[in-house]
file protein30.txt (compact mmCIF, C-alpha atoms)
# COMPACT_ATOMS: atom_id res chain seq x y z
CA MET R 1 -34.72 20.13 -12.81
CA LYS R 2 -38.36 20.10 -13.79
CA ILE R 3 -39.40 18.45 -10.50
CA LYS R 4 -37.45 21.07 -8.53
CA ALA R 5 -39.30 23.82 -10.36
CA VAL R 6 -42.64 22.16 -9.52
CA HIS R 7 -41.59 21.92 -5.87
CA LYS R 8 -40.57 25.55 -5.81
CA TYR R 9 -43.90 26.82 -7.02
CA ILE R 10 -46.29 24.32 -5.45
CA LYS R 11 -46.82 26.42 -2.32
CA PHE R 12 -47.73 29.45 -4.44
CA VAL R 13 -50.08 27.35 -6.56
CA LEU R 14 -51.74 25.98 -3.42
CA LEU R 15 -52.09 29.44 -1.89
CA ILE R 16 -53.71 30.89 -5.00
CA SER R 17 -55.91 27.79 -5.39
CA SER R 18 -57.07 28.11 -1.80
CA LEU R 19 -58.18 31.70 -2.42
CA LEU R 20 -60.00 30.62 -5.60
CA PHE R 21 -61.68 27.81 -3.66
CA ILE R 22 -62.80 30.23 -0.95
CA GLY R 23 -64.21 32.55 -3.63
CA LEU R 24 -65.99 29.67 -5.37
CA GLY R 25 -67.43 28.53 -2.04
CA LEU R 26 -68.71 32.03 -1.36
CA THR R 27 -70.49 32.16 -4.72
CA ARG R 28 -72.16 28.84 -3.84
CA ASN R 29 -73.24 30.30 -0.47
CA GLU R 30 -71.43 27.59 1.47
CA HIS R 31 -70.50 30.18 4.09
CA LEU R 32 -74.19 30.55 4.93
CA THR R 33 -74.36 26.83 5.77
CA VAL R 34 -71.28 27.25 7.98
CA LEU R 35 -72.81 30.24 9.76
CA LYS R 36 -76.18 28.53 10.24
CA LYS R 37 -74.49 25.55 11.89
CA ALA R 38 -72.13 27.66 14.00
CA ILE R 39 -74.61 30.16 15.48
CA ASN R 40 -76.93 27.50 16.87
CA ILE R 41 -75.85 25.23 19.69
CA CYS R 42 -74.79 21.98 18.00
CA LEU R 43 -76.39 19.39 20.26
CA GLU R 44 -74.48 16.50 18.68
CA CYS R 45 -71.18 18.32 19.14
CA ILE R 46 -71.70 18.98 22.83
CA GLY R 47 -73.02 15.47 23.38
CA VAL R 48 -76.70 15.92 24.19
CA GLY R 49 -78.31 15.50 20.75
CA MET M 50 -40.79 34.45 20.87
CA LYS M 51 -42.42 32.66 23.75
CA ARG M 52 -44.65 29.90 22.40
CA ARG M 53 -46.68 29.71 25.61
CA ILE M 54 -47.66 33.38 25.34
CA VAL M 55 -48.79 32.90 21.74
CA GLN M 56 -50.83 29.84 22.79
CA ILE M 57 -52.55 31.80 25.57
CA ILE M 58 -53.32 34.71 23.25
CA ALA M 59 -54.63 32.39 20.51
CA THR M 60 -56.85 30.56 23.01
CA LEU M 61 -58.21 33.83 24.40
CA ILE M 62 -58.88 35.31 20.95
CA SER M 63 -60.62 32.11 19.79
CA ASN M 64 -62.82 32.22 22.91
CA SER M 65 -63.25 35.93 23.53
CA HIS M 66 -67.06 35.91 23.89
CA LEU M 67 -66.70 35.63 27.65
CA ALA M 68 -70.29 36.63 28.45
CA GLY M 69 -71.43 33.34 26.93
CA PHE M 70 -69.91 31.39 29.82
CA TRP M 71 -72.21 32.82 32.49
CA GLN M 72 -75.20 33.40 30.20
CA GLY M 73 -75.17 29.78 28.98
CA THR M 74 -75.42 30.89 25.36
CA ILE M 75 -73.11 31.00 22.34
CA TYR M 76 -71.95 33.87 20.11
CA ARG M 77 -74.28 34.32 17.14
CA GLY M 78 -72.45 37.05 15.18
CA LYS M 79 -71.08 37.19 11.66
CA MET M 80 -67.52 36.32 12.68
CA LYS M 81 -68.71 32.72 12.61
CA TYR M 82 -68.66 32.86 8.83
CA LEU M 83 -64.94 32.31 9.32
CA CYS M 84 -63.17 29.27 10.73
CA VAL M 85 -60.43 29.50 13.31
CA PRO M 86 -57.32 27.51 12.30
CA GLY M 87 -57.21 25.29 15.42
CA LEU M 88 -59.59 22.78 17.00
CA ASN M 89 -62.09 24.91 18.91
CA CYS M 90 -65.75 23.88 19.13
CA TYR M 91 -68.15 26.50 17.73
CA SER M 92 -70.61 25.56 20.43
CA CYS M 93 -68.19 26.70 23.11
CA PRO M 94 -69.87 29.67 24.82
CA GLY M 95 -66.75 31.74 24.21
CA ALA M 96 -66.10 30.78 20.57
CA VAL M 97 -66.15 33.68 18.12
CA GLY M 98 -65.29 31.62 15.02
CA SER M 99 -66.28 28.29 13.53
CA CYS M 100 -64.47 25.01 14.03
CA PRO M 101 -62.99 24.02 10.66
CA LEU M 102 -63.83 20.34 11.15
CA GLY M 103 -67.40 21.08 12.23
CA ALA M 104 -67.79 23.49 9.30
CA LEU M 105 -66.47 20.90 6.84
CA GLN M 106 -68.90 18.28 8.10
CA ALA M 107 -71.77 20.78 8.12
CA VAL M 108 -71.31 21.54 4.42
CA LEU M 109 -70.52 17.98 3.32
CA GLY M 110 -73.48 16.73 5.36
CA SER M 111 -75.87 19.26 3.87
CA ALA M 112 -78.27 18.05 1.18
CA LYS M 113 -77.25 21.00 -0.99
CA TYR M 114 -73.56 20.19 -1.41
CA LEU M 115 -71.27 17.30 -2.29
CA MET M 116 -68.09 19.33 -1.85
CA SER M 117 -67.11 22.24 0.36
CA PHE M 118 -64.92 24.57 -1.66
CA TYR M 119 -65.17 27.22 1.05
CA VAL M 120 -63.91 25.13 3.97
CA VAL M 121 -61.40 23.16 1.89
CA GLY M 122 -60.13 26.53 0.61
CA LEU M 123 -59.78 27.85 4.16
CA LEU M 124 -58.00 24.69 5.33
CA THR M 125 -55.64 24.82 2.33
CA PHE M 126 -54.97 28.50 3.00
CA PHE M 127 -54.17 27.89 6.68
CA GLY M 128 -52.14 24.77 5.86
CA THR M 129 -50.09 26.36 3.07
CA LEU M 130 -49.29 29.38 5.18
CA LEU M 131 -48.66 27.69 8.52
CA GLY M 132 -48.65 23.87 8.30
CA ARG M 133 -48.62 22.25 11.75
CA PHE M 134 -47.34 25.45 13.30
CA ILE M 135 -51.09 25.80 13.95
CA CYS M 136 -51.02 22.65 16.14
CA GLY M 137 -48.01 23.77 18.12
CA TRP M 138 -48.79 27.45 18.57
CA LEU M 139 -52.43 28.28 17.82
CA CYS M 140 -54.64 25.30 18.71
CA PRO M 141 -56.51 25.73 22.03
CA PHE M 142 -57.06 21.98 22.46
CA GLY M 143 -53.39 21.25 21.82
CA PHE M 144 -52.49 23.90 24.41
CA LEU M 145 -54.79 22.28 26.95
CA GLN M 146 -53.16 18.90 26.39
CA GLU M 147 -49.73 20.42 26.94
CA LEU M 148 -50.91 21.87 30.25
CA LEU M 149 -52.26 18.46 31.27
CA TYR M 150 -48.93 16.83 30.37
CA LYS M 151 -47.19 19.24 32.75
CA ILE M 152 -48.96 17.61 35.70
CA LYS M 153 -46.47 15.37 37.43
CA THR M 154 -47.47 11.77 36.71
CA ARG M 155 -45.78 8.81 35.09
CA LYS M 156 -45.06 9.56 31.41
CA ILE M 157 -45.18 7.04 28.57
CA THR M 158 -43.60 6.91 25.13
CA LEU M 159 -45.17 4.09 23.15
CA PRO M 160 -42.79 1.68 21.40
CA ALA M 161 -42.42 2.35 17.67
CA LYS M 162 -44.26 -0.80 16.59
CA ILE M 163 -47.39 0.41 18.43
CA ASP M 164 -46.86 4.14 17.92
CA ARG M 165 -46.37 4.01 14.15
CA PRO M 166 -49.68 2.34 13.19
CA LEU M 167 -51.56 4.38 15.81
CA ARG M 168 -50.35 7.61 14.15
CA LEU M 169 -52.23 6.56 11.02
CA LEU M 170 -55.49 6.40 12.95
CA LYS M 171 -56.08 10.14 12.56
CA TYR M 172 -56.02 9.75 8.77
CA VAL M 173 -58.61 6.97 8.97
CA ILE M 174 -60.77 9.16 11.21
CA LEU M 175 -60.43 12.04 8.76
CA LEU M 176 -61.45 9.91 5.81
CA LEU M 177 -64.23 8.02 7.54
CA LEU M 178 -65.87 10.29 10.13
CA VAL M 179 -65.15 13.73 8.67
CA ILE M 180 -65.54 13.06 4.92
CA LEU M 181 -67.16 9.76 3.91
CA LEU M 182 -69.90 9.33 6.52
CA PRO M 183 -71.25 12.92 6.28
CA LEU M 184 -71.38 12.46 2.49
CA THR M 185 -73.05 9.07 2.47
CA LEU M 186 -74.90 8.32 5.72
CA THR M 187 -77.76 10.79 5.42
CA ASN M 188 -81.32 10.95 6.70
CA GLN M 189 -84.47 11.04 4.54
CA PHE M 190 -83.91 14.75 3.85
CA GLY M 191 -80.35 14.19 2.59
CA ASN M 192 -78.69 15.71 5.67
CA ALA M 193 -76.04 14.03 7.82
CA SER M 194 -74.83 14.46 11.38
CA PRO M 195 -71.32 15.77 12.05
CA TYR M 196 -70.15 12.24 12.89
CA PHE M 197 -66.70 13.14 14.16
CA CYS M 198 -68.07 15.87 16.43
CA GLN M 199 -70.90 13.66 17.60
CA TRP M 200 -69.11 10.43 18.35
CA LEU M 201 -65.44 11.21 18.90
CA CYS M 202 -64.50 14.86 19.48
CA PRO M 203 -63.69 15.51 23.15
CA ALA M 204 -63.22 19.26 22.51
CA GLY M 205 -66.97 19.73 22.02
CA THR M 206 -67.74 18.05 25.35
CA LEU M 207 -65.10 20.01 27.23
CA GLU M 208 -65.41 23.43 25.62
CA GLY M 209 -69.11 23.34 24.72
CA GLY M 210 -70.94 20.62 26.61
CA ILE M 211 -69.72 21.12 30.17
CA PRO M 212 -69.91 24.96 30.33
CA LEU M 213 -73.30 25.06 28.59
CA LEU M 214 -74.79 22.32 30.78
CA LEU M 215 -73.55 24.06 33.92
CA SER M 216 -75.32 27.29 33.01
CA ASN M 217 -78.32 26.08 30.96
CA GLU M 218 -81.01 24.07 32.75
CA GLY M 219 -82.91 23.33 29.55
CA LEU M 220 -79.92 21.54 28.09
CA ARG M 221 -79.35 19.58 31.32
CA ARG M 222 -82.77 17.95 30.88
CA MET M 223 -81.64 16.55 27.50
CA ILE M 224 -78.68 14.57 28.82
CA GLY M 225 -78.71 10.94 27.68
CA PHE M 226 -76.51 8.09 26.49
CA LEU M 227 -74.48 10.26 24.08
CA PHE M 228 -73.33 12.57 26.85
CA GLY M 229 -72.19 9.61 28.94
CA TRP M 230 -70.24 8.25 25.96
CA LYS M 231 -68.64 11.61 25.26
CA MET M 232 -67.73 12.13 28.91
CA LEU M 233 -66.05 8.72 28.86
CA LEU M 234 -64.08 9.74 25.75
CA LEU M 235 -63.16 13.04 27.38
CA LEU M 236 -61.89 11.26 30.50
CA LEU M 237 -59.86 8.86 28.34
CA THR M 238 -58.42 11.80 26.39
CA VAL M 239 -57.51 13.65 29.59
CA GLY M 240 -55.94 10.46 30.98
CA GLY M 241 -54.08 9.95 27.72
CA ALA M 242 -52.83 13.54 27.72
CA LEU M 243 -51.53 13.15 31.28
CA LEU M 244 -49.43 10.16 30.25
CA ILE M 245 -48.55 10.81 26.60
CA TYR M 246 -47.50 14.17 25.16
CA ARG M 247 -50.39 15.49 23.01
CA PHE M 248 -52.13 12.11 22.97
CA PHE M 249 -55.11 13.36 20.93
CA CYS M 250 -52.95 15.28 18.42
CA LYS M 251 -50.65 12.32 17.81
CA TYR M 252 -53.24 9.64 17.26
CA LEU M 253 -56.73 11.00 16.79
CA CYS M 254 -56.93 14.58 15.51
CA PRO M 255 -58.13 14.77 11.89
CA LEU M 256 -57.30 18.49 11.75
CA GLY M 257 -53.66 17.72 12.49
CA ALA M 258 -53.89 15.02 9.79
CA ILE M 259 -55.00 17.66 7.26
CA TYR M 260 -52.27 20.13 8.21
CA SER M 261 -49.63 17.39 8.16
CA PHE M 262 -49.96 17.23 4.37
CA PHE M 263 -48.76 20.84 4.19
CA ASN M 264 -45.88 20.63 6.66
CA ARG M 265 -43.11 20.35 4.09
CA ILE M 266 -44.35 23.16 1.87
CA SER M 267 -45.77 25.70 4.32
CA PHE M 268 -44.48 29.26 4.18
CA PHE M 269 -44.16 29.93 7.89
CA ALA M 270 -41.73 28.53 10.48
CA HIS M 271 -39.71 26.03 8.48
CA LEU M 272 -37.15 24.06 10.41
CA ASN M 273 -33.67 24.19 8.89
CA ILE M 274 -30.54 22.18 9.60
CA ASP M 275 -27.12 23.65 9.06
CA HIS M 276 -25.42 20.52 7.77
CA ALA M 277 -21.99 22.03 8.34
CA LYS M 278 -22.73 22.20 12.07
CA CYS M 279 -24.85 19.03 12.50
CA THR M 280 -22.89 16.09 13.86
CA GLY M 281 -25.83 13.71 13.93
CA CYS M 282 -25.62 13.32 17.70
CA ASN M 283 -29.35 12.59 17.82
CA THR M 284 -29.96 15.07 20.66
CA CYS M 285 -32.70 16.76 18.61
CA THR M 286 -34.56 13.52 17.96
CA ASN M 287 -34.34 12.53 21.62
CA ALA M 288 -35.62 15.97 22.65
CA CYS M 289 -38.60 15.96 20.30
CA PRO M 290 -41.83 15.37 22.25
CA MET M 291 -43.55 14.26 19.03
CA GLN M 292 -40.76 11.69 18.36
CA VAL M 293 -39.87 13.23 15.00
CA PRO M 294 -36.54 12.09 13.48
CA VAL M 295 -35.42 15.71 13.31
CA TRP M 296 -31.95 15.37 11.76
CA GLU M 297 -33.33 13.07 9.05
CA ASN M 298 -36.52 14.91 8.16
CA PRO M 299 -36.87 18.23 10.04
CA ASN M 300 -40.20 19.17 8.47
CA HIS M 301 -41.74 15.76 9.05
CA ARG M 302 -45.56 15.58 8.97
CA GLU M 303 -45.65 15.10 12.75
CA CYS M 304 -43.54 18.19 13.56
CA ILE M 305 -45.66 20.80 15.35
CA ARG M 306 -42.88 23.46 15.30
CA CYS M 307 -42.60 23.51 19.10
CA GLY M 308 -38.88 24.30 18.82
CA ALA M 309 -37.76 21.86 21.55
CA CYS M 310 -35.10 20.49 19.18
CA ILE M 311 -33.70 23.98 18.50
CA LYS M 312 -33.30 24.65 22.22
CA LYS M 313 -31.56 21.32 22.86
CA CYS M 314 -29.18 21.26 19.88
CA PRO M 315 -25.67 21.54 21.37
CA HIS M 316 -24.19 22.68 18.03
CA GLU M 317 -26.78 25.38 17.20
CA ALA M 318 -27.39 23.59 13.91
CA LEU M 319 -31.16 24.00 13.98
CA SER M 320 -33.17 27.16 13.35
CA PHE M 321 -36.53 28.38 12.15
CA THR M 322 -36.88 30.16 8.85
CA TRP M 323 -39.92 32.21 9.75
CA TRP M 324 -40.88 32.95 6.14
CA ALA M 325 -39.76 30.34 3.59
CA THR M 326 -40.49 31.01 -0.07
CA ASP M 327 -37.92 28.64 -1.54
CA ALA M 328 -38.33 25.03 -2.65
CA ILE M 329 -40.12 22.29 -0.78
CA ALA M 330 -38.28 21.04 2.31
CA GLY M 331 -36.70 17.69 1.66
CA LYS M 332 -35.41 14.79 3.66
CA ARG M 333 -31.78 14.55 4.53
CA ASN M 334 -30.25 11.76 2.51
CA ASN M 335 -26.60 12.11 3.38
CA ALA M 336 -26.75 10.98 6.99
CA PRO M 337 -24.34 8.23 7.96
CA ASP M 338 -25.87 4.76 8.36
CA SER M 339 -24.95 4.69 12.03
CA LYS M 340 -27.24 7.69 12.61
CA LYS M 341 -30.10 6.11 10.70
CA GLU M 342 -29.97 3.02 12.88
CA THR M 343 -30.27 4.98 16.09
CA ALA M 344 -33.15 7.20 15.04
CA THR M 345 -36.65 6.57 16.32
CA THR M 346 -38.56 6.99 13.11
CA ILE M 347 -42.29 7.33 12.90

call {"tool": "encode", "arguments": {"input": "protein30.txt", "output": "structure tokens"}}
result
Amino acid sequence: MKIKAVHKYIKFVLLISSLLFIGLGLTRNEHLTVLKKAINICLECIGVG
Amino acid sequence: MKRRIVQIIATLISNSHLAGFWQGTIYRGKMKYLCVPGLNCYSCPGAVGSCPLGALQAVLGSAKYLMSFYVVGLLTFFGTLLGRFICGWLCPFGFLQELLYKIKTRKITLPAKIDRPLRLLKYVILLLLVILLPLTLTNQFGNASPYFCQWLCPAGTLEGGIPLLLSNEGLRRMIGFLFGWKMLLLLLTVGGALLIYRFFCKYLCPLGAIYSFFNRISFFAHLNIDHAKCTGCNTCTNACPMQVPVWENPNHRECIRCGACIKKCPHEALSFTWWATDAIAGKRNNAPDSKKETATTI
């Protein structure tokens, strides 16, 4: 019974956790690192660097 | 709903900076704060969002961070909502492989004893090239290369490398060994996709590996079996291009929600629940032994 209850709510827990993680990442300015990488041509990614 | 139309729309939206293709440049706007859910290189001239795998490696490989809460949060958000529906409906590189598979050539389904261990390769790639190496193999400044993108990802070569090199002479002068290696990988991937349905997704894609963990719990597009109608005829399993044992485990980690099994089921026992808020999807454990023996499990 207990396991079923855990299963039922795990998706909600994960969804809320994901939003908290995104918020925490924003406070740590991780999104700026993502942007910096993404707005410059990544030479390694395209195979010339 | 026509899956092909959704795939075309998703590919066009992910790559809607069309001017980049003839200018030989990439989009540099603020939409690239966000990751797209599918595999789409952020150095593609048309890309308007970031690749989640590239973004994860960029943060993990940065000297400032040991963990990327932002990208892990985004991946968990996408995975919990959609699972591998993303692979089947929204991923541009998956769509391209499906188009390649439509070309009339000899088709191969690997025997289970080869297929099964090969399916685990994408988890090894995820652990090694996407997580461990960017965290540990750093230069003197504490930064690491995006090892998966650099040494393995064919999407970057196809979507970014080729269009940019065609329109940017400066980049053409920088071509060296790495480009040759990546072109070889791209050719092997294209060859693989011609022969094997979604070759890269099945065996190599670490993004599919991440979303596979969410397949049984995702909210969107759950596959349901009406056990009163199911006779265990195995038609669904035989129809599945990903070789999922559908009747036994409909929301298997390899299911990309393509719906081929639903179309083929002669008893109309299979359906999508588009928005599932109930308990985790389980395996069927009441199938007769005769059915279990005939299934091609992965």

call {"tool": "interface_residues", "arguments": {"input": "protein30.txt", "of": "chain R", "to": "chain M", "cutoff": "7 Å", "atoms": "all atoms listed in the file", "output": "PDB file with C-alpha atoms, keeping the file's coordinate frame"}}
result
ATOM      1  CA  HIS R   7     -41.590  21.920  -5.870  1.00  0.00           C
ATOM      2  CA  LYS R   8     -40.570  25.550  -5.810  1.00  0.00           C
ATOM      3  CA  LYS R  11     -46.820  26.420  -2.320  1.00  0.00           C
ATOM      4  CA  LEU R  14     -51.740  25.980  -3.420  1.00  0.00           C
ATOM      5  CA  LEU R  15     -52.090  29.440  -1.890  1.00  0.00           C
ATOM      6  CA  SER R  18     -57.070  28.110  -1.800  1.00  0.00           C
ATOM      7  CA  LEU R  19     -58.180  31.700  -2.420  1.00  0.00           C
ATOM      8  CA  PHE R  21     -61.680  27.810  -3.660  1.00  0.00           C
ATOM      9  CA  ILE R  22     -62.800  30.230  -0.950  1.00  0.00           C
ATOM     10  CA  LEU R  24     -65.990  29.670  -5.370  1.00  0.00           C
ATOM     11  CA  GLY R  25     -67.430  28.530  -2.040  1.00  0.00           C
ATOM     12  CA  LEU R  26     -68.710  32.030  -1.360  1.00  0.00           C
ATOM     13  CA  GLU R  30     -71.430  27.590   1.470  1.00  0.00           C
ATOM     14  CA  HIS R  31     -70.500  30.180   4.090  1.00  0.00           C
ATOM     15  CA  THR R  33     -74.360  26.830   5.770  1.00  0.00           C
ATOM     16  CA  VAL R  34     -71.280  27.250   7.980  1.00  0.00           C
ATOM     17  CA  LEU R  35     -72.810  30.240   9.760  1.00  0.00           C
ATOM     18  CA  LYS R  37     -74.490  25.550  11.890  1.00  0.00           C
ATOM     19  CA  ALA R  38     -72.130  27.660  14.000  1.00  0.00           C
ATOM     20  CA  ILE R  39     -74.610  30.160  15.480  1.00  0.00           C
ATOM     21  CA  ILE R  41     -75.850  25.230  19.690  1.00  0.00           C
ATOM     22  CA  CYS R  42     -74.790  21.980  18.000  1.00  0.00           C
ATOM     23  CA  GLU R  44     -74.480  16.500  18.680  1.00  0.00           C
ATOM     24  CA  CYS R  45     -71.180  18.320  19.140  1.00  0.00           C
ATOM     25  CA  ILE R  46     -71.700  18.980  22.830  1.00  0.00           C
ATOM     26  CA  GLY R  47     -73.020  15.470  23.380  1.00  0.00           C
ATOM     27  CA  VAL R  48     -76.700  15.920  24.190  1.00  0.00           C
TER      28      VAL R  48
END

call {"tool": "residues_around", "arguments": {"input": "protein30.txt", "residues": "Gly132 in chain M", "least_positions_apart": "6", "cutoff": "12 Å", "atoms": "only C-alpha atoms", "output": "PyMOL selection string"}}
result
(chain R and resi 11) or (chain M and resi 86-87+124-126+138-139+256-272+300-306+325)

call {"tool": "atom_distance", "arguments": {"input": "protein30.txt", "atom1": "CA of His276 in chain M", "atom2": "CA of Ala161 in chain M"}}
result
26.8 Å

call {"tool": "atom_distance", "arguments": {"input": "protein30.txt", "atom1": "CA of Leu215 in chain M", "atom2": "CA of Gly73 in chain M"}}
result
7.7 Å

call {"tool": "atom_distance", "arguments": {"input": "protein30.txt", "atom1": "CA of Leu236 in chain M", "atom2": "CA of Leu186 in chain M"}}
result
28.1 Å

call {"tool": "residues_around", "arguments": {"input": "protein30.txt", "residues": "Leu159 in chain M", "least_positions_apart": "3", "cutoff": "12 Å", "atoms": "only C-alpha atoms", "output": "PyMOL selection string"}}
result
chain M and resi 156+162-168+241+244-246+248+251-252+290-292+345+347

call {"tool": "build_atoms", "arguments": {"input": "protein30.txt", "residues": "range 7-25 of chain R", "atoms": "N, CA, C and O atoms", "output": "short mmCIF file (atom, residue, chain, number, x, y, z; two decimals), keeping the file's coordinate frame"}}
result
data_model
loop_
_atom_site.label_atom_id
_atom_site.label_comp_id
_atom_site.auth_asym_id
_atom_site.auth_seq_id
_atom_site.Cartn_x
_atom_site.Cartn_y
_atom_site.Cartn_z
N HIS R 7 -41.66 21.79 -7.32
CA HIS R 7 -41.59 21.92 -5.87
C HIS R 7 -41.52 23.38 -5.43
O HIS R 7 -42.13 23.78 -4.46
N LYS R 8 -40.76 24.16 -6.19
CA LYS R 8 -40.57 25.55 -5.81
C LYS R 8 -41.88 26.33 -5.85
O LYS R 8 -42.12 27.20 -5.02
N TYR R 9 -42.70 25.99 -6.83
CA TYR R 9 -43.90 26.82 -7.02
C TYR R 9 -45.16 26.21 -6.42
O TYR R 9 -46.20 26.85 -6.41
N ILE R 10 -45.08 24.99 -5.90
CA ILE R 10 -46.29 24.32 -5.45
C ILE R 10 -46.99 25.10 -4.32
O ILE R 10 -48.21 25.17 -4.27
N LYS R 11 -46.19 25.70 -3.45
CA LYS R 11 -46.82 26.42 -2.32
C LYS R 11 -47.57 27.65 -2.82
O LYS R 11 -48.64 27.99 -2.31
N PHE R 12 -47.03 28.28 -3.87
CA PHE R 12 -47.73 29.45 -4.44
C PHE R 12 -49.01 29.01 -5.15
O PHE R 12 -50.04 29.66 -5.06
N VAL R 13 -48.91 27.89 -5.86
CA VAL R 13 -50.08 27.35 -6.56
C VAL R 13 -51.18 27.00 -5.55
O VAL R 13 -52.35 27.32 -5.74
N LEU R 14 -50.76 26.36 -4.44
CA LEU R 14 -51.74 25.98 -3.42
C LEU R 14 -52.38 27.21 -2.78
O LEU R 14 -53.58 27.24 -2.52
N LEU R 15 -51.57 28.23 -2.53
CA LEU R 15 -52.09 29.44 -1.89
C LEU R 15 -53.11 30.13 -2.80
O LEU R 15 -54.21 30.50 -2.35
N ILE R 16 -52.78 30.25 -4.06
CA ILE R 16 -53.71 30.89 -5.00
C ILE R 16 -54.96 30.02 -5.18
O ILE R 16 -56.08 30.53 -5.18
N SER R 17 -54.76 28.70 -5.26
CA SER R 17 -55.91 27.79 -5.39
C SER R 17 -56.83 27.90 -4.19
O SER R 17 -58.05 27.87 -4.34
N SER R 18 -56.23 28.03 -3.00
CA SER R 18 -57.07 28.11 -1.80
C SER R 18 -57.95 29.36 -1.85
O SER R 18 -59.13 29.31 -1.50
N LEU R 19 -57.39 30.47 -2.33
CA LEU R 19 -58.18 31.70 -2.42
C LEU R 19 -59.29 31.55 -3.47
O LEU R 19 -60.42 32.01 -3.26
N LEU R 20 -58.98 30.86 -4.57
CA LEU R 20 -60.00 30.62 -5.60
C LEU R 20 -61.11 29.71 -5.05
O LEU R 20 -62.29 29.94 -5.31
N PHE R 21 -60.70 28.71 -4.28
CA PHE R 21 -61.68 27.81 -3.66
C PHE R 21 -62.58 28.57 -2.70
O PHE R 21 -63.80 28.37 -2.68
N ILE R 22 -61.99 29.44 -1.90
CA ILE R 22 -62.80 30.23 -0.95
C ILE R 22 -63.80 31.09 -1.74
O ILE R 22 -65.00 31.15 -1.41
N GLY R 23 -63.33 31.72 -2.80
CA GLY R 23 -64.21 32.55 -3.63
C GLY R 23 -65.33 31.74 -4.25
O GLY R 23 -66.50 32.14 -4.23
N LEU R 24 -64.98 30.55 -4.76
CA LEU R 24 -65.99 29.67 -5.37
C LEU R 24 -67.02 29.24 -4.32
O LEU R 24 -68.22 29.22 -4.58
N GLY R 25 -66.53 28.91 -3.13
CA GLY R 25 -67.43 28.53 -2.04
C GLY R 25 -68.38 29.66 -1.67
O GLY R 25 -69.57 29.43 -1.40
#
